[in-house]
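Here is the structure we will look at, set down as C-alpha cells.
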Amino acid sequence: MNHFDEMTAFLYLDGQLEKAQASQLLIHVKECGECRTLLESLKRETIWLEQSLQEKDPVPAQFMAPARRSNVRWGWITALGIAAAGILTVWNGIIEPLEQQLNQAGFSGGNLMTMLFFSGAFWKGWSSALSFVEFFATAVVIMLVFVALQRLLRRSATVGIVLVNVSFLGLLFSMLLIAPSAHASKVIRGRHLTYTLPAGQTANTDLFVFANFTRIDGTVNGDLYVWSNEVEINGHVTGDVIAFSRETRVNGTIDGNIRSYSQTLNINGNIGKNVLVGCELFEMGSAGKVGGSVTLGGVNAMIAGSIGRDITAAAGDATLNGSVGGEVRLRGDNLHIGPDANVKGAFSYRGRTPASVDPQAKLSSPLVFTQIKTGSDYASWAYYRHHIEFWAAAFLFGLVLLLIAPRFFANGLRASKNFLPSIGFGVLFLIATPIVAAIVCITLVGLGVGITTFLLWFIAVYAAQVFVASWLGEILLGPAIGTGALLGRLALGLAILHGLEMIPYHIGGIIHFIVLCWGLGAIVMAIFGYLRRTTSAAPVPVVA
Amino acid sequence: MTTEKPMPEELQAGLAELVARARDGNHDAWAQIYTQFAPGIFRFCRRAMPSREDAEDATSEVFLKVRSKLDQYDTSRPFNAWLYRVAANQCWDLLRRRRVRQDLETGDIESMPLEHADPGQLERLISEKSREDVRKALEQLPSRARMALTLRYYSEMNYDEIAETLGVRRAFVGVLLLRARHQLREVMERGAAAMRHSVAGGKA
C-alpha cells in the first residue's frame with residue numbers, strides 16, 4: 001500500500017478524517033515504520049506548538065493588575081465642566097479678540113471661517129468663479145481627489161488624515177489663489193525679471209507679478225498680487241495690494257487695502273483703506289496717508305503722516321509722530337511719541353519701559369500705560385485665574401482629541417513613555433518643521449501646504465502637553481481603562497503640569513519647554529510607529 | 001471552543017454571577033473579570049498580532065468592546081469561550097483592516113503543493129528550539145497563518161470556529177493549518193527571508 005501524505009496524517013491527528021479513511025491509515029501505520037515516524041513527529045509538533053503558545057510568558061503590568069476604579073462618572077462630569085470653561089476661555093481669550101482685531105483691520109464679516117477664507121482680499125472671484133458649472137466642476141474634482149486619496153491611504157489612517165487635510169487645504173488655497181485669475185487677470189513671471197508698468201499705461205486686470213524687481217508707475221485697474229524682491233508702487237492701484245517681498249515702497253496711491261509680508265514696508269503715498277503688515281521695519285513718512293486703520297506686527301515701527309482710524313500694533317521699538325483719527329493700542333518694548341503726534345481716540349500702551357512723550361504731542365485722552373513685568377505676578381488673582389483657564393482649554397483640547405482620534409491618543413500616550421527618544425524627536429521637529437514649512441511657502445504651489453504644515457505644527461505643539469499630562473496621570477493613578485478614566489488622568493496631569501509651570505526663576509519655563517519637546521516627540525513617534533507597524537504588518541508578500 | 005478545558009462548575013457559576021454583576025455596572029465585578037482574563041487575552045493577542053504594541057492596543061480594545069457588549073452575551077454559553085471569540089474577531093479585524101492581501105492568499109495557498117515533511121528535521125527543531133523561539137518565529141508569519149495557529153494551539157478552537165472567525169471554508173482549515181506549520185518550520189530553520197522567497201517561488 002502507498003504511504004500517506006502529510007496532509008492526510010495531519011487531518012487524521014486532528015480527527016478530521018472519515019472513519020473508513022482513518023482505519024485504512026491505522027492499518028497502514030502498523031506495517032509502515034516511515035509513516036509511523038511521520039505521524040509521531042506531527043503529534044509531537046502539535047504538543048510542542050501548544051506548549052509554546054500556551055506558555056505563561058510575562059504580561060505587561062496594566063493587564064495583570066485589576067483595572068483601577070475607572071471613575072467614569074466623575075471623569076465625565078469633570079470633563080463637561082472643564083470643557084465648558086475651556087470653550088468660554090478659547091472664545092473670550094482668542095477667537096473674539098482676534099475677530100475684533102481683524103474686523104478693525106478691514107476684514108469684515110461675521111464668523112471666523114468666512115472671514116479667514118472668503119471675505120478677505122484673497123477672494124475676489126466669487127461672482128465669476130461661482131457660476132454653477134465652474135463650482136460643480138471644481139467640487140467634482142475635489143471629491144474625486146478625496147476618494148482617490150482615501151482609497152490609496154486607507155492602510156494608514158493617520159497619514160491618510162494628515163495628507164487628505166493637507167491636500168484639501170492645499171486645494172482650497174490654490175482655488176483661492178487661482179480663482180481671481182478666472183476673473184480678468186494677468187500673470188507675469190520671471191526669475192530675474194524686472195517688471196515695470198510704465199507711467200501712463202493702464203492694466204485693466206488683476207495683476208499677478210513674480211519678479212525680482214517690480215515697479216508700478218502706471219495704473220492697475222484691479223488688484224495687485226506681487227511676489228518680489230523689491231516692490232515700488234509709484235502709480236495707482238485701484239484695488240488691493242498683496243505683497244510678499246523684501247522691501248515694499250508705496251509712493252503712489254492704493255485705493256483699497258495693502259497687506260504686506262515684507263522685511264521693510266515704506267509708505268509715503270496714499271492708502272485708501274487699511275494696512276495689515278508683518279515686517280521687520282515699518283516706516284510711514286510724513287507724506288504717508290492711510291484712510292483706514294493700521295495693524296502691524298514688527299520689530300521697528302516709525303509712524304508719521306496721518307491715519308484715519310486706529311493703530312493696533314506689536315513692535316519692539318515704536319515711534320509715533322503723526323495723526324491718528326481713532327484709537328492706538330500698542331504693545332512693545334519702547335515707545336516714543338513725537339511732537340507732531342495727534343491722537344484723537346484712546347491711547348493704551350503695554351510695554352517694558354514707560355513711553356517718552358514729547359511735550360508738544362497732542363493726546364486727546366491720557367496715555368494708559370501698563371507695565372509688562374518680567375516674571376509672573378504671583379500676588380494677583382488674575383494670574384491664577386489665567387492658569388486655570390489655560391488648564392481648562394488644554395483639557396478641552398485633549399477631550400476633543402481623545403474623542404476624535406482615540407487610537408492616535410493611545411499611541412501618543414504610549415510613545416510618551418519613551419522619554420529620551422521623545423525629547424530628541426521633539427527638539428528636532430520643534431525646530432525643523434517651521435523651517436521646512438517656511439521654505440515650502442516660498443513657492444506658490446507650496447503655499448497651501450506650507451501654511452497647513454504651520455497650522456498642524458501649532459496644533460501639535462499645543463497637543464504636546466496633553467500626552468505628557470496623560471502619562472503623568474497614569475503614573476499617579478495607574479493605567480486607565482476606558483475614556484472616563486483617561487480623562488480623569490488627563491485632568492489631573494494637566495493640573496500638575498500647569499502647577500509646575502508656575503514655579504518661578506525660569507524653572508517653570510524650563511519645565512514647560514521640556515514638556516513641549518517631550519509631547520511633540522511622542523506625537524511624532526506615534527505617527528512614525530504607526531507607519532512602521534502598518535508597513536511591517538505584511539512580512540510575507542504573496543505576490544513577489 | 002469545544003476543546004477548551006472545562007472549567008470547574010462552581011467556578012463557572014461564580015463567573016456567571018460575576019458577569020451578571022458587571023452587567024449591572026458593578027465596578028468590582030468588572031475588575032475581577034479583568035484581572036482573571038486580561039493576562040490570557042493579552043497572551044492571545046500577543047500570539048495573534050505581529051508586535052507587542054499591536055497586542056497591547058488589541059487587548060485594550062477587546063476589553064472596551066467586551067464591556068460595551070456585555071449585554072449581548074448569552075449567559076447560557078461559557079463566558080471565556082465568548083470572550084476569546086470577541087478577542088479573535090477583534091484581532092482579525094485589526095489585521096484585515098491593514099489589507100495585507102489576504103484576499104490573494106486563499107487561492108495561492110490552496111493550490112500550492114506541500115513539500116514532503118521531513119520527520120528528522122521536525123525532531124531536530126523540537127529538540128533545539130525553545131518555546132520562546134517558536135513564539136518569535138510566529139511573529140514572522142503572514143497574518144492569517146499566525147492567526148490560524150493561535151486559534152488552534154492557543155485558544156484550542158475547533159475547525160468550525162476557525163473557519164468562521166477567519167471567514168474561510170471549513171475544508172480549507174486543515175490546509176491553512178498545515179501550511180502555517182510548514183511556514184513556521186521554515187522560519188525557524190532559515191529565517192523569515194528564506195520563507196518569503198519560498199512562498200513567492202511556490203506561487204510562481
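Residue names in the C-alpha cells use chain letters A, B, ... in the order shown, residue numbers from 1 in each chain, and ligand numbers from 1 in the order shown.
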* Please provide as a count of residues only all residues within 10 Å of range 87-92 of chain B, with the sequence filter that same-chain residues fewer than 5 positions apart are discarded (counting only C-alpha atoms). => 31
Review point. Out of B:Asp28, B:Asp160, B:Asp74, B:Glu128, which residue has the shortest atom-to-atom distance to chain A when counting only C-alpha atoms?
Key: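 For chain A, the nearest of the candidates is B:Asp28.
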Separation of CA of Ala16 in chain B from CA of Thr75 in chain B in Å: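 Calculated distance between CA of Thr75 in chain B and CA of Ala16 in chain B is 7.0 Å.
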key: CA of Leu125 in chain B to CA of Glu45 in chain A, distance in Å rounded to a single decimal   =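 Atom-to-atom, CA of Leu125 in chain B and CA of Glu45 in chain A are spaced 9.3 Å apart.
Taking CA of Thr46 in chain A as the reference point, CA of Glu53 in chain B is found at 27.8 Å.
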Residues near Phe397 in chain A, cut-off 9 Å, only C-alpha atoms, skip fewer than 3 positions along chain, as a list in words:
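Contacts, in chain order: Ala83, Gly86, Ala392, Ala393, Ala394, Val400, Leu401, Leu402, Tyr462, Ala463 and Val466 of chain A.
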Taking C-alpha atoms for each residue, export the selection above as a PDB file, in the first residue's frame.
```pdb
ATOM      1  CA  ALA A  83     -14.880  71.623  28.668  1.00  0.00           C
ATOM      2  CA  GLY A  86     -12.457  75.727  28.105  1.00  0.00           C
ATOM      3  CA  ALA A 392      -9.361  74.131  31.062  1.00  0.00           C
ATOM      4  CA  ALA A 393      -8.572  74.993  27.458  1.00  0.00           C
ATOM      5  CA  ALA A 394      -5.863  72.327  27.298  1.00  0.00           C
ATOM      6  CA  VAL A 400     -11.695  66.515  21.657  1.00  0.00           C
ATOM      7  CA  LEU A 401      -8.521  64.744  20.585  1.00  0.00           C
ATOM      8  CA  LEU A 402      -9.415  61.677  22.606  1.00  0.00           C
ATOM      9  CA  TYR A 462      -0.255  72.655  21.706  1.00  0.00           C
ATOM     10  CA  ALA A 463      -1.233  68.991  21.871  1.00  0.00           C
ATOM     11  CA  VAL A 466      -1.922  66.529  26.588  1.00  0.00           C
TER      12      VAL A 466
END
```
Exercise for the section: Could you tell me, as a count of residues only, which residues of range 315-425 of chain A DSSP assigns to alpha helix (DSSP H) when given the backbone? Expected result: 41
Excluding same-chain residues fewer than 5 positions from Ala432 in chain A, what lies within 12 Å of it counting only C-alpha atoms, as a list in words? Phe425, Gly426, Val427, Ala437, Ala438, Ile439, Thr453, Phe454 and Trp457 of chain A
